[in-house]
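Undergrad: Sharing a structure with you now.
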Amino acid sequence: MLDIKLIRENPDFVRQRLASRGAGDEKFIEEVLQLDEQRRKTLAEVEQLKAQRNKVSKEIGALMGQKKIAEAEAKKIETRDIGDRITALDKQVAEIEPKRDAILISLPNLPHESVPMGKTAEDNPLIRMHGAKPDFSFKPKTHIELCESLKLVDFARATKLSGSGFVLYTNWGAKLERALIQFLLELHSNEHGYTEVNPPFVVGPHCLEGVGQFPKFKDQYYGVVEGDKQEEMGKLYLIPTAETPVANIHREEILPEKSLPIKYCAYTPCFRGEAGAAGVGTRGMIRVHQFDKVELIKIVKPEHGYDELEKMVTNAEKVLQLLGLHYRIVLLCTGDMGFASAKTYDIEVWAPGQGGYLEVSSCSNCEDFQSRRMNMRFKVDGGENKFPHILNGSGTALARLFVALLETYQQADGSVIIPPALQPYLKTDRIHA
């Protein structure tokens, strides 16, 4: 959530940064300011009336002591009138505040000054590339062909079980998925210093609101109920990413300054209903309703936020370096950024069978946007409470990493070589029919 103080003190700056996203949200700032000013004036009037009521109450006591009963009774009527006015104003505040906050919670984060202007992914600048595209002496197969010939994924039976957009890993496919998860968790927890956690896969709406997925994207996620209790719909949701529960671990807490930075990593399945909007019915693993991911979360002091973002990107790309995969890193422009992000890097791995790059990691600094929504703070030595920066990154998403691995290491005989870094987890150096 944006800082209302910043909006009050520098509304033109806020409008300009919102306008850079290209979604038209800057038009709501004037309404926020009007509601906020109305709320503040009303609260100020309430405080004046309370002070006046206290003064009159003291006068009543003095009059009663002087046996001036009639004058005291008149003052009592005055206090009742003041009380009625306070009640009416309190009701006004109770109506104004939700209107203001409903707009505030629907506004996206402000892009950082280092984020380039742009409208779409075509405007995202390339930051760097690593490695070279593999050179084949044969026409490379797609991951669908490889999965079917090596019996790694049963697409048809997955559809029979759950409909389109789901995957049934089988035999070496299931083992490869499990090996990748283990490899990622051990890399980030043992070498990169993240604390591994295993969060719930179902959360309340307050967690989705905390990270900025609600209310704007509420129609894109899976609500769950116990049995057929439709009256409970809206109380629990399947998580779209581990960011949702993990970033909320310290919500509504005041953390000691010395506890920062906090670094978590977590494996979870991820559930996304919006996948159907982009041709999820087509076969394959590029865009599905359920996929595995290892997520990275950091909670840091504001002055360290952007240094920690660069480190997070380095942590995520280490995965692809160890697996020997060609990739590139792009910086998202203002018009292509996520709702909660102030700055985002995407890591895209090359998939030969697709003839293109696939996003496997998105690393973002959300600054204090999420911590304000969660009311998560830390106490500095001087006693002041501040909102920390919250960062999130994929370390990495599994379905597309699985695709890139198969398509990159396929051999002319139809087998797939397993890179050395993964062999201790899979206990083989090659998958073949």
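Residues in the structure tokens are numbered from 1 in each chain, the chains being A, B, ... in the order shown, and ligands are numbered from 1 in the order shown.
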Dump as CSV the rows for residues of region 247-343 of chain A within 12 Å of region 223-233 of chain A: closest atom pair and distance in Å with one decimal, only C-alpha atoms counted, ordered by chain and rising residue number.
TA:
```
residue,atom,partner,partner_atom,distance
A:Phe271,CA,A:Gly223,CA,10.4
A:Arg272,CA,A:Gly223,CA,10.8
A:Gly273,CA,A:Gly223,CA,10.1
```
Undergrad: I'd like a table as a tab-separated table: residues in region 160-272 of chain A with an atom no more than 9 Å from region 315-324 of chain A, each row giving the shortest atom pair and its distance in Å to one decimal, only C-alpha atoms counted, sorted by chain and rising residue number.
TA:
```
residue	atom	partner	partner_atom	distance
A:Phe183	CA	A:Val319	CA	8.8
A:Leu184	CA	A:Val319	CA	7.2
A:Leu187	CA	A:Val319	CA	8.0
A:His188	CA	A:Asn315	CA	7.4
A:His192	CA	A:Asn315	CA	6.8
```
Undergrad: For each of A:Tyr264, A:Arg21, A:Pro302, A:Ser361, take the minimum atom-to-atom distance to Thr120 (chain A), counting only C-alpha atoms, then give the residue where this is smallest.
TA: A:Arg21
Undergrad: Which is closest to Asn365 (chain A) among A:Val403, A:Ala433, A:Ala94, A:Val313, if we use only C-alpha atoms?
TA: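 Between A:Val403, A:Ala433, A:Ala94, A:Val313, the residue approaching Asn365 (chain A) most closely is A:Val313.
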Undergrad: Going by DSSP on the backbone, which bits of region 98-302 of chain A are strand (DSSP E or B)? Write them as a PyMOL selection string, please.
TA: chain A and resi 126-130+153+169+195-197+202-203+223-224+236-238+254-256+262-271+290-300
Undergrad: Show me, as a tab-separated table, the residues of region 65-180 of chain A having an atom within 9 Å of region 369-391 of chain A, each with the closest atom pair and its distance in Å, using only C-alpha atoms.
TA:
```
residue	atom	partner	partner_atom	distance
A:Ile105	CA	A:Arg373	CA	8.0
A:Pro108	CA	A:Phe369	CA	8.7
A:Asn109	CA	A:Phe369	CA	6.4
A:Leu110	CA	A:Phe369	CA	8.9
```
Undergrad: What does the file look like for those residues with N, CA and C atoms, as a compact mmCIF listing (two decimals), in the first residue's frame?
TA:
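And here is the file that came out, out.txt:
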```txt
# COMPACT_ATOMS: atom_id res chain seq x y z
N ILE A 105 -5.73 0.61 -1.41
CA ILE A 105 -5.35 -0.79 -1.50
C ILE A 105 -5.43 -1.32 -2.93
N PRO A 108 -1.36 0.30 -7.45
CA PRO A 108 -0.10 -0.46 -7.51
C PRO A 108 1.05 0.31 -6.91
N ASN A 109 2.17 -0.37 -6.74
CA ASN A 109 3.37 0.27 -6.21
C ASN A 109 3.95 1.26 -7.21
N LEU A 110 4.77 2.17 -6.71
CA LEU A 110 5.42 3.15 -7.57
C LEU A 110 6.72 2.57 -8.12
```
Undergrad: A:Met285, A:Ile347, A:Met312, A:Val14: which is nearest Leu107 (chain A), counting only C-alpha atoms?
TA: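 Ranking A:Met285, A:Ile347, A:Met312, A:Val14 by distance to Leu107 (chain A), first place goes to A:Val14.
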Undergrad: Neighbouring residues of region 52-61 of chain A were defined as those with any atom within 10 Å, considering only C-alpha atoms; residues of the same chain fewer than 4 positions away were excluded. Please report them as a CSV table (one decimal) with C-alpha atoms, in the first residue's frame.
TA:
```csv
chain,number,residue,atom,x,y,z
A,46,VAL,CA,-14.0,15.7,16.8
A,47,GLU,CA,-11.0,16.5,18.9
A,48,GLN,CA,-12.1,20.1,19.3
A,65,GLY,CA,-20.6,22.9,43.9
A,66,GLN,CA,-22.0,26.4,43.9
A,67,LYS,CA,-25.5,25.0,44.0
A,68,LYS,CA,-26.3,26.6,40.7
A,69,ILE,CA,-28.5,23.7,39.6
A,71,GLU,CA,-27.1,26.6,35.1
A,72,ALA,CA,-25.6,23.1,35.6
A,73,GLU,CA,-28.6,21.4,33.9
A,74,ALA,CA,-28.2,23.8,30.9
A,75,LYS,CA,-24.6,22.8,30.6
A,76,LYS,CA,-25.6,19.1,30.8
A,78,GLU,CA,-24.9,21.4,26.0
A,79,THR,CA,-22.7,18.3,26.7
A,80,ARG,CA,-25.4,16.0,25.3
A,81,ASP,CA,-25.6,18.1,22.1
A,82,ILE,CA,-21.8,18.0,21.8
A,83,GLY,CA,-21.9,14.2,22.3
A,86,ILE,CA,-19.3,13.8,18.1
```
Undergrad: Near region 133-148 of chain A, counting only C-alpha atoms, which residues have an atom at most 7 Å away, once you skip same-chain residues fewer than 2 positions from it, shown as a PyMOL selection string?
TA: chain A and resi 131+150-153+284+326+352-354+403+406-408+412
Undergrad: Tell me, in Å to one decimal, how far CA of Gly395 (chain A) is from CA of Lys216 (chain A).
TA: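 Between CA of Gly395 (chain A) and CA of Lys216 (chain A) the gap is 25.5 Å.
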Undergrad: Apply DSSP to the backbone of this structure and, from region 54-255 of chain A, keep only the residues in helix (DSSP H, G or I); write these as an MDAnalysis selection string.
TA: chainID A and resid 54:65 69:104 121:123 143:149 155:162 172:191 205:211 218:220 230:232 243:247
Undergrad: Could you pull the residues within 12 Å of Met337 (chain A), counting only C-alpha atoms, minus those fewer than 4 positions along the same chain, as an MDAnalysis selection string?
TA: chainID A and resid 18 20:23 108:112 115:121 123:124 330:333 341:346 362:366
Undergrad: Grab the residues selected above and save them as a PDB file, in the first residue's frame with C-alpha atoms.
TA:
```
ATOM      1  CA  LEU A  18       1.735   5.824 -11.368  1.00  0.00           C
ATOM      2  CA  SER A  20       4.543   5.631 -15.927  1.00  0.00           C
ATOM      3  CA  ARG A  21       2.830   2.259 -15.531  1.00  0.00           C
ATOM      4  CA  GLY A  22       0.328   3.197 -18.220  1.00  0.00           C
ATOM      5  CA  ALA A  23      -2.750   1.841 -16.425  1.00  0.00           C
ATOM      6  CA  PRO A 108      -0.101  -0.461  -7.514  1.00  0.00           C
ATOM      7  CA  ASN A 109       3.371   0.268  -6.205  1.00  0.00           C
ATOM      8  CA  LEU A 110       5.424   3.151  -7.575  1.00  0.00           C
ATOM      9  CA  PRO A 111       8.208   2.108  -9.973  1.00  0.00           C
ATOM     10  CA  HIS A 112      11.688   2.895  -8.682  1.00  0.00           C
ATOM     11  CA  VAL A 115      13.144   1.392 -13.798  1.00  0.00           C
ATOM     12  CA  PRO A 116      13.051   2.241 -17.527  1.00  0.00           C
ATOM     13  CA  MET A 117       9.933   3.719 -19.085  1.00  0.00           C
ATOM     14  CA  GLY A 118       8.011   1.371 -21.365  1.00  0.00           C
ATOM     15  CA  LYS A 119       4.660  -0.196 -22.174  1.00  0.00           C
ATOM     16  CA  THR A 120       5.220  -3.908 -22.852  1.00  0.00           C
ATOM     17  CA  ALA A 121       7.817  -6.676 -22.613  1.00  0.00           C
ATOM     18  CA  ASP A 123      10.539  -2.397 -23.987  1.00  0.00           C
ATOM     19  CA  ASN A 124      12.430  -4.423 -21.356  1.00  0.00           C
ATOM     20  CA  VAL A 330      16.030  -8.424 -18.443  1.00  0.00           C
ATOM     21  CA  LEU A 331      14.887  -5.450 -16.364  1.00  0.00           C
ATOM     22  CA  LEU A 332      11.128  -4.989 -16.543  1.00  0.00           C
ATOM     23  CA  CYS A 333       9.957  -1.593 -17.754  1.00  0.00           C
ATOM     24  CA  SER A 341       6.857  -4.431  -7.365  1.00  0.00           C
ATOM     25  CA  ALA A 342       9.019  -1.305  -7.374  1.00  0.00           C
ATOM     26  CA  LYS A 343      11.730  -2.992  -9.488  1.00  0.00           C
ATOM     27  CA  THR A 344      11.876  -6.431 -11.109  1.00  0.00           C
ATOM     28  CA  TYR A 345      14.438  -8.512 -12.977  1.00  0.00           C
ATOM     29  CA  ASP A 346      13.303 -11.512 -15.007  1.00  0.00           C
ATOM     30  CA  SER A 362      11.252 -13.032 -11.390  1.00  0.00           C
ATOM     31  CA  CYS A 363      13.105 -11.154  -8.616  1.00  0.00           C
ATOM     32  CA  SER A 364      11.472  -8.045  -7.170  1.00  0.00           C
ATOM     33  CA  ASN A 365      11.915  -5.441  -4.473  1.00  0.00           C
ATOM     34  CA  CYS A 366       8.474  -4.374  -3.291  1.00  0.00           C
TER      35      CYS A 366
END
```
Undergrad: What separation in Å, quoted to one decimal, exists between CA of Gly24 (chain A) and CA of Lys218 (chain A)?
TA: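 Here the two named atoms are 19.9 Å from each other.
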Undergrad: Measuring between only C-alpha atoms, which one of A:Glu177, A:Glu113, A:Glu243, A:Glu95 shows the shortest distance to Thr334 (chain A)?
TA: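 Counting only C-alpha atoms, the residue closest to Thr334 (chain A) is A:Glu113.
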